[in-house]
file structure-v6.csv (CSV, C-alpha atoms)
chain,number,residue,atom,x,y,z
N,1,MET,CA,-1.0,52.6,-23.6
N,2,THR,CA,-0.7,51.7,-19.9
N,3,GLY,CA,-2.8,48.5,-20.5
N,4,GLY,CA,-0.4,47.5,-23.3
N,5,LEU,CA,2.6,48.0,-21.0
N,6,ILE,CA,1.0,45.9,-18.3
N,7,TRP,CA,0.1,43.2,-20.8
N,8,ILE,CA,3.8,43.1,-22.0
N,9,GLY,CA,5.1,43.2,-18.5
N,10,MET,CA,2.9,40.3,-17.4
N,11,GLY,CA,3.8,38.4,-20.5
N,12,LEU,CA,7.5,38.8,-19.6
N,13,ALA,CA,7.0,37.9,-16.0
N,14,LEU,CA,5.0,34.8,-16.8
N,15,ALA,CA,7.3,33.6,-19.6
N,16,PRO,CA,9.2,31.3,-17.3
N,17,VAL,CA,5.9,29.7,-16.2
N,18,GLU,CA,4.9,29.2,-19.8
N,19,SER,CA,8.4,27.7,-20.5
N,20,ILE,CA,7.9,25.2,-17.6
N,21,ARG,CA,4.4,24.4,-18.8
N,22,ARG,CA,5.6,23.6,-22.3
N,23,ARG,CA,8.4,21.4,-21.1
N,24,VAL,CA,6.1,19.5,-18.7
N,25,ASP,CA,3.7,19.0,-21.5
N,26,ALA,CA,6.5,17.6,-23.7
N,27,ILE,CA,7.8,15.1,-21.1
N,28,ALA,CA,7.1,11.6,-22.1
N,29,ALA,CA,6.4,8.8,-19.5
N,30,SER,CA,9.4,6.9,-20.8
N,31,ASP,CA,11.8,9.9,-20.1
N,32,LEU,CA,11.0,11.7,-16.9
N,33,SER,CA,14.6,13.1,-16.5
N,34,SER,CA,13.9,16.6,-17.8
N,35,ALA,CA,15.0,18.9,-15.0
N,36,PHE,CA,14.2,22.6,-14.8
N,37,PRO,CA,16.6,25.3,-13.8
N,38,ASP,CA,15.8,26.2,-10.2
N,39,GLY,CA,18.2,28.9,-9.3
N,40,GLY,CA,17.0,31.7,-7.1
N,41,ASP,CA,14.4,31.9,-4.4
N,42,ASP,CA,11.4,33.4,-6.1
N,43,GLU,CA,8.1,31.7,-6.8
N,44,ILE,CA,9.2,30.5,-10.2
N,45,ALA,CA,12.4,28.9,-8.9
N,46,ARG,CA,10.4,27.2,-6.0
N,47,MET,CA,7.9,25.9,-8.6
N,48,ALA,CA,10.7,24.6,-10.7
N,49,ARG,CA,12.2,22.8,-7.6
N,50,THR,CA,8.7,21.3,-6.8
N,51,VAL,CA,8.3,20.1,-10.4
N,52,ASN,CA,11.8,18.6,-10.4
N,53,ALA,CA,11.1,16.8,-7.1
N,54,MET,CA,7.8,15.5,-8.6
N,55,LEU,CA,9.6,14.2,-11.7
N,56,ASP,CA,12.2,12.5,-9.6
N,57,ARG,CA,9.4,10.7,-7.6
N,58,LEU,CA,7.7,9.7,-10.9
N,59,GLU,CA,10.9,8.4,-12.4
N,60,ALA,CA,11.7,6.3,-9.3
N,61,SER,CA,8.1,5.0,-9.3
N,62,SER,CA,8.4,4.1,-13.0
N,63,GLN,CA,11.7,2.3,-12.5
N,64,PHE,CA,10.2,0.4,-9.5
N,65,GLU,CA,7.2,-0.6,-11.6
N,66,GLN,CA,9.4,-1.8,-14.5
N,67,GLU,CA,11.5,-3.9,-12.1
N,68,PHE,CA,8.3,-5.3,-10.5
N,69,VAL,CA,6.8,-6.3,-13.8
N,70,SER,CA,10.0,-8.0,-14.8
N,71,ASN,CA,10.2,-9.9,-11.6
N,72,ALA,CA,6.5,-10.8,-11.7
N,73,SER,CA,6.8,-12.1,-15.3
N,74,HIS,CA,9.8,-14.2,-14.3
N,75,GLU,CA,8.0,-15.7,-11.3
N,76,LEU,CA,5.0,-16.6,-13.5
N,77,ARG,CA,7.2,-18.1,-16.2
N,78,SER,CA,8.8,-20.6,-13.8
N,79,PRO,CA,5.6,-22.6,-12.9
N,80,LEU,CA,4.3,-22.3,-16.5
N,81,THR,CA,7.6,-23.7,-17.8
N,82,THR,CA,7.3,-26.6,-15.3
N,83,LEU,CA,3.7,-27.3,-16.4
N,84,LEU,CA,4.6,-27.2,-20.1
N,85,ALA,CA,7.7,-29.4,-19.7
N,86,THR,CA,5.9,-32.0,-17.6
N,87,THR,CA,2.9,-32.3,-19.9
N,88,GLU,CA,5.1,-32.3,-23.1
N,89,ARG,CA,7.3,-35.0,-21.7
N,90,ALA,CA,4.4,-37.1,-20.7
N,91,SER,CA,2.6,-36.7,-24.0
N,92,LYS,CA,5.6,-37.8,-26.0
N,93,ASP,CA,5.3,-41.3,-24.6
N,94,PRO,CA,1.9,-41.5,-22.9
N,95,SER,CA,2.1,-45.3,-22.2
N,96,HIS,CA,5.2,-44.9,-20.1
N,97,ALA,CA,4.3,-41.6,-18.4
N,98,ASN,CA,3.8,-41.7,-14.6
N,99,TRP,CA,0.4,-40.0,-14.7
N,100,SER,CA,0.1,-39.8,-11.0
N,101,GLU,CA,3.3,-37.9,-10.8
N,102,VAL,CA,2.3,-35.7,-13.8
N,103,GLY,CA,-1.0,-34.9,-12.0
N,104,GLU,CA,0.8,-34.1,-8.8
N,105,ILE,CA,3.2,-31.7,-10.6
N,106,VAL,CA,0.3,-30.1,-12.6
N,107,MET,CA,-1.7,-29.5,-9.4
N,108,ARG,CA,1.3,-28.2,-7.4
N,109,GLU,CA,2.4,-25.8,-10.2
N,110,GLY,CA,-1.2,-24.8,-10.9
N,111,ARG,CA,-1.6,-23.8,-7.2
N,112,ARG,CA,1.7,-22.0,-7.4
N,113,LEU,CA,0.4,-20.0,-10.4
N,114,GLU,CA,-2.8,-19.3,-8.5
N,115,THR,CA,-0.9,-18.0,-5.5
N,116,LEU,CA,1.2,-15.7,-7.6
N,117,ILE,CA,-1.9,-14.4,-9.4
N,118,ASP,CA,-3.7,-13.9,-6.1
N,119,ASP,CA,-0.6,-12.1,-4.7
N,120,LEU,CA,-0.6,-9.8,-7.8
N,121,ALA,CA,-4.3,-9.0,-7.4
N,122,TRP,CA,-3.8,-8.3,-3.7
N,123,LEU,CA,-1.0,-5.9,-4.4
N,124,ALA,CA,-3.1,-4.1,-7.1
N,125,ARG,CA,-6.0,-3.7,-4.6
N,126,HIS,CA,-3.9,-2.6,-1.7
N,127,ASP,CA,-1.2,-0.6,-3.4
N,128,GLU,CA,-2.9,2.8,-3.0
N,129,HIS,CA,-3.7,2.1,0.6
N,130,ARG,CA,-0.1,1.2,1.5
N,131,THR,CA,-1.3,-1.8,3.5
N,132,GLU,CA,1.4,-3.2,5.7
N,133,ILE,CA,2.6,-6.6,4.7
N,134,GLN,CA,2.9,-9.1,7.5
N,135,CYS,CA,6.3,-10.8,7.5
N,136,VAL,CA,6.9,-14.2,9.0
N,137,ASP,CA,9.9,-16.5,9.4
N,138,VAL,CA,10.4,-18.6,6.3
N,139,ASP,CA,12.6,-21.8,6.2
N,140,LEU,CA,14.8,-21.0,3.2
N,141,ASP,CA,16.2,-24.5,3.2
N,142,ASP,CA,12.8,-26.0,2.6
N,143,LEU,CA,12.3,-23.7,-0.4
N,144,LEU,CA,15.7,-24.8,-1.8
N,145,PHE,CA,14.9,-28.5,-1.3
N,146,ASP,CA,11.5,-28.1,-3.0
N,147,GLU,CA,13.1,-26.3,-6.0
N,148,GLY,CA,15.8,-28.9,-6.2
N,149,HIS,CA,13.2,-31.6,-6.3
N,150,ARG,CA,11.2,-29.8,-9.0
N,151,VAL,CA,14.3,-29.4,-11.2
N,152,ARG,CA,15.3,-33.1,-10.8
N,153,LEU,CA,11.8,-34.1,-11.9
N,154,LEU,CA,11.9,-32.0,-15.0
N,155,SER,CA,15.4,-32.6,-16.2
N,156,ALA,CA,18.5,-34.7,-16.1
N,157,LEU,CA,20.3,-32.0,-14.2
N,158,ILE,CA,22.1,-33.1,-11.1
N,159,VAL,CA,21.0,-30.8,-8.3
N,160,ASP,CA,23.1,-31.2,-5.1
N,161,THR,CA,21.3,-30.0,-2.0
N,162,SER,CA,23.5,-31.9,0.4
N,163,GLN,CA,25.3,-28.7,1.6
N,164,VAL,CA,22.1,-26.8,2.3
N,165,GLN,CA,21.9,-25.9,5.9
N,166,PRO,CA,18.8,-25.0,7.9
N,167,THR,CA,18.3,-21.3,7.3
N,168,ARG,CA,15.5,-19.1,8.4
N,169,VAL,CA,14.8,-15.6,7.0
N,170,THR,CA,12.0,-13.1,7.5
N,171,GLY,CA,9.8,-12.8,4.4
N,172,ILE,CA,6.3,-13.2,3.1
N,173,ARG,CA,5.1,-16.8,3.0
N,174,ARG,CA,3.5,-17.9,-0.3
call {"tool": "encode", "arguments": {"input": "structure-v6.csv", "output": "structure tokens"}}
result
Amino acid sequence: MTGGLIWIGMGLALAPVESIRRRVDAIAASDLSSAFPDGGDDEIARMARTVNAMLDRLEASSQFEQEFVSNASHELRSPLTTLLATTERASKDPSHANWSEVGEIVMREGRRLETLIDDLAWLARHDEHRTEIQCVDVDLDDLLFDEGHRVRLLSALIVDTSQVQPTRVTGIRR
């Protein structure tokens, strides 16, 4: 009889722990927003606060990862689009294509892709170690002139860089 009462009492005492365990088990990676009631100052409430803090960190990390993947895919798409547009335009009329310019663009954009892929690989290797990134001064105006030149080569768009002023920012040189 005493054993039965102890068993029932322990079951009731541990019911909140089992409830938290079931909810944690049901949380999907795509929805980390499930919060647990954390009122009080007993061990269960402190555990609920700890789990809530962990879920908040996981959700922030997941959002950062989604933004990073979106940005990385955009960065990779730009040189790939340039490569495809350049070679497609040259292949439509091979006898009038400026093959030296095509080769220069293909090499430059290929190197740009290589740099982006190397940067992604470096980030993957060093992410866990939280390696400090060395920042340098970057001439933003040079980047704008290069991008304007690239767009002019690929299209009939008019890109006016006459108002670009020398501007230096701190960043990671690629």
call {"tool": "atom_distance", "arguments": {"input": "structure-v6.csv", "atom1": "CA of Pro79 (chain N)", "atom2": "CA of Gly110 (chain N)"}}
result
7.4 Å
call {"tool": "atom_distance", "arguments": {"input": "structure-v6.csv", "atom1": "CA of Asn98 (chain N)", "atom2": "CA of Leu144 (chain N)"}}
result
24.3 Å
call {"tool": "atom_distance", "arguments": {"input": "structure-v6.csv", "atom1": "CA of Ala35 (chain N)", "atom2": "CA of Asn52 (chain N)"}}
result
5.6 Å
call {"tool": "closest_residue", "arguments": {"input": "structure-v6.csv", "among": "N:Val17, N:Ala72, N:Arg108, N:Met1", "to": "Ala45 (chain N)", "atoms": "all atoms listed in the file"}}
result
N:Val17
call {"tool": "closest_residue", "arguments": {"input": "structure-v6.csv", "among": "N:Pro16, N:Ala97, N:Ser91, N:Leu120", "to": "Phe68 (chain N)", "atoms": "only C-alpha atoms"}}
result
N:Leu120
call {"tool": "residues_near_point", "arguments": {"input": "structure-v6.csv", "point": "(8.5, -33.1, -12.1)", "cutoff": "6 Å", "atoms": "only C-alpha atoms", "output": "ChimeraX atom specification"}}
result
/N:105,150,153-154
